[in-house]
Amino acid sequence: MRSLFNIFNFLMIVFLIYTQLLNKNFNNFLVNSDDVNKVNIYLKTSTEKNEAEALISQFKKEFQFESKTIDKNESINEFQKSFGDYSKNILSIVDIEDLIPQVIELNFKSESEKKLFLESQIRTNELVEDVSDLSQWSQKMINIKKVIERYILGISLGFFGIIAFMTFFFIKIIVLYQRKLIEIQSLFGRSYQKIYFSLIKQLWLDYLLVLIAACVFSWGSFSLFSQKLSVQKEMYYISDRISFLSIGEISVLFVILTGLFLVTSVLVLKQQIKDIYGND
Amino acid sequence: MIEFKHVYKVYQADKPVLKNINLKIDQGEFVFLTGHSGAGKSTLFKILSLQQRCSSGQVEVFNQNLNHYNFTNIHEYRRKIGLVFQDFKLITDQQIKTQLALPIEHLKLSNAKMNERIDAIISAVNLPISVKEEFPESLSGGEQQKIALARALIHQPELILADEPTGNLDKAASRFVFDLLSDLSTKKVTVLFITHDESLLNIKKHKEIQLKNGEIQ
């Protein structure tokens, strides 16, 4: 019965870790999705650096924003960072430098300021190739992120609930299974405290081993999966951007799980042994 | 030593199992508790061993009201008494020596002292020392009851409660168990011997309390 309980706990903890991994890595992909006040201006490829600076100065006279200019080299670096080896293959066959524009990122103080800017004559400016308003895209991303977060929270709460219930259920069965032994020990002078502590020690030790095993297993299987992805050219950029839970994230999960397990096991075990010791 | 004052035990409102039990057993007495099946003998045993509580009245053992004990301190009482059961209540997957060590584990004796006590008690119940390495399954019914007796005596209790200890034994084994417990009363140990075996009652004259339909006759 104890083995069954340990296997169940192991699976639940692995599922929980994977749920958190899913959450974390979705967020990695949806990063910057909350840039609602951001506008990207793509300049014509022929635009020089000083022309770009002059353009920013001109905008600053009318609007309040923070700006960042991404020149061609930075764009290429960003492209390489995002697409890893895949980008190197492209760069080796295409002379991409002439195709990449300079980009000015404008981050407005408010949404209304951004709206005024977009309503101005910016799109018709001779240096500007295109203007990208990230708010619509951002809003979509925010909505997706919220839905995913809600689902993951629901699933996690479900797992926590199942773990608490099954801990309650299994401990009842484990005590029931050992009832005769506990009764005999009690009849021959073993104290309630001694029986309680020996059982709780056994349960906690099992739980800690299962927790460590589940964590090692999750990390190992994730690393293996990530490694498998990295050797496939079309998946390389995914493997490059996914990551395992940080020490902090793992710690939070462990603290919640351990707290849940400790509280449930202490309360249930105490009551169960008390019932055996108690008399009508 | 043991005193029952107006003790009732009721499971169903209209059918009390024990009715107005008043009895007194002094230290060093050997007392037979007899009665037909369902007379309330085992209920009285369970109340004395604190497996159950009386519904009303008062039970005192060692001048202490048994209501004083709850699940946190019940072991203090049980360490002062020795229990013998008809079904032996041995733990099937534990060696005999482990089971004999149970009532004295709280004394925290050294291994040598513990072994000494175990060997002595095994000899006292007339079994070879080597039996301590065995598991209950490999022993006969008579041998198992001797081990159960040894477990009840190893901590030198002042009170022995034996519920039909000869119920599953042949004549020779029954006689051995009876003689052993009977001799204890000469050592100031109080023994309450529950039985419906009439042949034992005639071996040696002891005080007898007879229960009938939950009442003392």
# chains A, B, ... in the order shown; residues from 1 in each chain; ligands from 1
$ interface_residues --of "chain B" --to "chain A" --cutoff "6 Å" --atoms "only C-alpha atoms" --output "MDAnalysis selection string"
chainID B and resid 51:53 71 75 78:79 103
$ closest_atom_pairs --of "range 165-196 of chain B" --to "range 22-45 of chain B" --cutoff "9 Å" --atoms "only C-alpha atoms" --output "Markdown table"
| residue | atom | partner | partner_atom | distance |
| --- | --- | --- | --- | --- |
| B:Leu181 | CA | B:Phe30 | CA | 8.3 |
| B:Ser182 | CA | B:Phe30 | CA | 6.7 |
| B:Leu184 | CA | B:Gly28 | CA | 8.0 |
| B:Ser185 | CA | B:Gly28 | CA | 4.8 |
| B:Thr186 | CA | B:Gly28 | CA | 6.8 |
| B:Lys187 | CA | B:Gly28 | CA | 7.0 |
| B:Lys188 | CA | B:Gly28 | CA | 3.9 |
| B:Val189 | CA | B:Gly28 | CA | 4.6 |
| B:Thr190 | CA | B:Gly28 | CA | 4.3 |
| B:Val191 | CA | B:Phe30 | CA | 4.7 |
| B:Leu192 | CA | B:Val31 | CA | 5.0 |
| B:Phe193 | CA | B:Phe32 | CA | 4.8 |
| B:Ile194 | CA | B:Leu33 | CA | 4.6 |
| B:Thr195 | CA | B:Thr34 | CA | 5.4 |
| B:His196 | CA | B:Thr34 | CA | 5.5 |
$ write_last_selection --atoms "C-alpha atoms" --output "PDB file, in the first residue's frame"
ATOM      1  CA  LEU B 181      -1.146 -17.752  36.603  1.00  0.00           C
ATOM      2  CA  SER B 182      -2.362 -19.372  39.797  1.00  0.00           C
ATOM      3  CA  LEU B 184       1.469 -15.615  40.512  1.00  0.00           C
ATOM      4  CA  SER B 185      -1.079 -14.789  43.177  1.00  0.00           C
ATOM      5  CA  THR B 186       1.379 -16.074  45.757  1.00  0.00           C
ATOM      6  CA  LYS B 187       3.730 -13.341  44.535  1.00  0.00           C
ATOM      7  CA  LYS B 188       1.187 -10.583  45.231  1.00  0.00           C
ATOM      8  CA  VAL B 189       0.121 -10.374  41.587  1.00  0.00           C
ATOM      9  CA  THR B 190      -3.629  -9.973  41.110  1.00  0.00           C
ATOM     10  CA  VAL B 191      -5.105 -12.241  38.446  1.00  0.00           C
ATOM     11  CA  LEU B 192      -8.538 -12.012  36.849  1.00  0.00           C
ATOM     12  CA  PHE B 193      -9.038 -15.234  34.951  1.00  0.00           C
ATOM     13  CA  ILE B 194     -12.026 -15.269  32.609  1.00  0.00           C
ATOM     14  CA  THR B 195     -13.158 -18.746  31.671  1.00  0.00           C
ATOM     15  CA  HIS B 196     -16.135 -20.950  31.054  1.00  0.00           C
TER      16      HIS B 196
END
$ closest_residue --among "B:Glu164, B:Asp179, B:Glu3, B:Asp87" --to "Lys204 in chain B" --atoms "only C-alpha atoms"
B:Asp179
$ closest_residue --among "A:Ala164, A:Lys61, A:Gln102, A:Glu51" --to "Ile76 in chain A" --atoms "only C-alpha atoms"
A:Gln102
$ residues_around --residues "Asn107 in chain A" --least-positions-apart "4" --cutoff "8 Å" --atoms "only C-alpha atoms" --output "list in words"
Asn37, Lys38, Val39, Phe65, Glu66 and Ser67 of chain A
$ residues_around --residues "Gly154 in chain A" --least-positions-apart "6" --cutoff "12 Å" --atoms "only C-alpha atoms" --output "PyMOL selection string"
chain A and resi 16+19-20+23+147-148+160-161
$ closest_residue --among "A:Leu43, A:Ala54, A:Val175, A:Leu134" --to "Leu99 in chain A" --atoms "only C-alpha atoms"
A:Leu43
$ select_by_dssp --residues "range 115-189 of chain A" --states "strand (DSSP E or B)" --output "list of chain:residue names"
A:Val128, A:Glu129, A:Asp130, A:Val131, A:Ser132, A:Asp133
$ atom_distance --atom1 "CA of Ser239 in chain A" --atom2 "CA of Phe26 in chain A"
12.8 Å
$ residues_around --residues "range 171-173 of chain B" --least-positions-apart "4" --cutoff "12 Å" --atoms "only C-alpha atoms" --output "list in words"
Val125, Asn126, Ser140, Gly141, Gly142, Glu143, Gln144, Gln145, Lys146, Leu149, Pro165, Thr166, Gly167, Val177, Phe178, Asp179, Leu180, Asp197, Ser199 and Leu200 of chain B
$ write_last_selection --atoms "N, CA and C atoms" --output "PDB file, in the first residue's frame"
ATOM      1  N   VAL B 125       8.287 -19.836  31.072  1.00  0.00           N
ATOM      2  CA  VAL B 125       7.085 -20.459  30.483  1.00  0.00           C
ATOM      3  C   VAL B 125       7.433 -21.821  29.853  1.00  0.00           C
ATOM      4  N   ASN B 126       8.605 -22.316  30.237  1.00  0.00           N
ATOM      5  CA  ASN B 126       8.976 -23.684  29.858  1.00  0.00           C
ATOM      6  C   ASN B 126       9.161 -23.884  28.351  1.00  0.00           C
ATOM      7  N   SER B 140       3.282 -24.190  17.878  1.00  0.00           N
ATOM      8  CA  SER B 140       1.950 -24.784  18.072  1.00  0.00           C
ATOM      9  C   SER B 140       1.075 -23.797  18.855  1.00  0.00           C
ATOM     10  N   GLY B 141      -0.223 -24.081  18.938  1.00  0.00           N
ATOM     11  CA  GLY B 141      -1.141 -23.214  19.683  1.00  0.00           C
ATOM     12  C   GLY B 141      -0.715 -23.062  21.135  1.00  0.00           C
ATOM     13  N   GLY B 142      -0.311 -24.182  21.760  1.00  0.00           N
ATOM     14  CA  GLY B 142       0.114 -24.146  23.161  1.00  0.00           C
ATOM     15  C   GLY B 142       1.354 -23.285  23.331  1.00  0.00           C
ATOM     16  N   GLU B 143       2.287 -23.423  22.395  1.00  0.00           N
ATOM     17  CA  GLU B 143       3.529 -22.635  22.469  1.00  0.00           C
ATOM     18  C   GLU B 143       3.241 -21.143  22.255  1.00  0.00           C
ATOM     19  N   GLN B 144       2.322 -20.869  21.339  1.00  0.00           N
ATOM     20  CA  GLN B 144       1.961 -19.464  21.083  1.00  0.00           C
ATOM     21  C   GLN B 144       1.356 -18.835  22.339  1.00  0.00           C
ATOM     22  N   GLN B 145       0.507 -19.612  23.039  1.00  0.00           N
ATOM     23  CA  GLN B 145      -0.107 -19.048  24.237  1.00  0.00           C
ATOM     24  C   GLN B 145       0.946 -18.851  25.335  1.00  0.00           C
ATOM     25  N   LYS B 146       1.944 -19.741  25.365  1.00  0.00           N
ATOM     26  CA  LYS B 146       3.024 -19.557  26.348  1.00  0.00           C
ATOM     27  C   LYS B 146       3.792 -18.269  26.045  1.00  0.00           C
ATOM     28  N   LEU B 149       1.741 -15.461  27.156  1.00  0.00           N
ATOM     29  CA  LEU B 149       1.858 -15.342  28.624  1.00  0.00           C
ATOM     30  C   LEU B 149       3.159 -14.646  28.997  1.00  0.00           C
ATOM     31  N   PRO B 165      -7.907 -17.564  28.393  1.00  0.00           N
ATOM     32  CA  PRO B 165      -6.558 -17.885  27.899  1.00  0.00           C
ATOM     33  C   PRO B 165      -6.385 -19.350  27.520  1.00  0.00           C
ATOM     34  N   THR B 166      -7.305 -20.193  27.996  1.00  0.00           N
ATOM     35  CA  THR B 166      -7.165 -21.625  27.685  1.00  0.00           C
ATOM     36  C   THR B 166      -8.166 -22.065  26.618  1.00  0.00           C
ATOM     37  N   GLY B 167      -8.896 -21.105  26.085  1.00  0.00           N
ATOM     38  CA  GLY B 167      -9.989 -21.415  25.151  1.00  0.00           C
ATOM     39  C   GLY B 167      -9.570 -22.194  23.918  1.00  0.00           C
ATOM     40  N   VAL B 177      -0.983 -23.205  31.718  1.00  0.00           N
ATOM     41  CA  VAL B 177      -1.321 -21.767  31.786  1.00  0.00           C
ATOM     42  C   VAL B 177      -1.984 -21.452  33.123  1.00  0.00           C
ATOM     43  N   PHE B 178      -2.917 -22.310  33.505  1.00  0.00           N
ATOM     44  CA  PHE B 178      -3.620 -22.077  34.773  1.00  0.00           C
ATOM     45  C   PHE B 178      -2.656 -22.093  35.956  1.00  0.00           C
ATOM     46  N   ASP B 179      -1.801 -23.117  36.009  1.00  0.00           N
ATOM     47  CA  ASP B 179      -0.859 -23.245  37.131  1.00  0.00           C
ATOM     48  C   ASP B 179       0.065 -22.034  37.227  1.00  0.00           C
ATOM     49  N   LEU B 180       0.531 -21.614  36.062  1.00  0.00           N
ATOM     50  CA  LEU B 180       1.458 -20.470  36.044  1.00  0.00           C
ATOM     51  C   LEU B 180       0.781 -19.218  36.607  1.00  0.00           C
ATOM     52  N   ASP B 197     -14.472 -22.727  31.332  1.00  0.00           N
ATOM     53  CA  ASP B 197     -14.003 -24.100  31.441  1.00  0.00           C
ATOM     54  C   ASP B 197     -14.163 -24.573  32.890  1.00  0.00           C
ATOM     55  N   SER B 199     -13.733 -27.375  34.284  1.00  0.00           N
ATOM     56  CA  SER B 199     -12.716 -28.280  34.834  1.00  0.00           C
ATOM     57  C   SER B 199     -11.619 -27.509  35.562  1.00  0.00           C
ATOM     58  N   LEU B 200     -11.338 -26.295  35.099  1.00  0.00           N
ATOM     59  CA  LEU B 200     -10.293 -25.492  35.743  1.00  0.00           C
ATOM     60  C   LEU B 200     -10.728 -25.018  37.133  1.00  0.00           C
TER      61      LEU B 200
END
$ atom_distance --atom1 "CA of Ile118 in chain B" --atom2 "CA of Thr98 in chain B"
9.5 Å
$ closest_residue --among "B:Leu161, B:Pro128, B:Leu100, B:Phe176" --to "Ile2 in chain B" --atoms "only C-alpha atoms"
B:Leu161
$ residues_around --residues "Ile147 in chain B" --least-positions-apart "4" --cutoff "10 Å" --atoms "only C-alpha atoms" --output "list of chain:residue names"
B:Val84, B:Phe88, B:Leu90, B:Ile96, B:Lys97, B:Gln99, B:Leu100, B:Ile121, B:Ile122, B:Val125, B:Asn126, B:Leu127, B:Val131, B:Lys132, B:Pro136, B:Leu139, B:Gly141, B:Gly142, B:Glu143, B:Arg151, B:Ala152, B:Leu153
$ residues_around --residues "Ile247 in chain A" --least-positions-apart "6" --cutoff "12 Å" --atoms "only C-alpha atoms" --output "compact mmCIF listing (two decimals) with C-alpha atoms, in the first residue's frame"
# COMPACT_ATOMS: atom_id res chain seq x y z
CA CYS A 215 12.18 16.43 -9.48
CA TRP A 219 14.56 17.58 -14.96
CA LEU A 253 6.28 24.46 -5.63
CA PHE A 254 8.04 22.32 -3.03
CA VAL A 255 7.00 24.55 -0.16
$ select_by_dssp --residues "range 2-125 of chain B" --states "alpha helix (DSSP H)" --output "ChimeraX atom specification"
/B:41-48,74-78,96-101,111-124
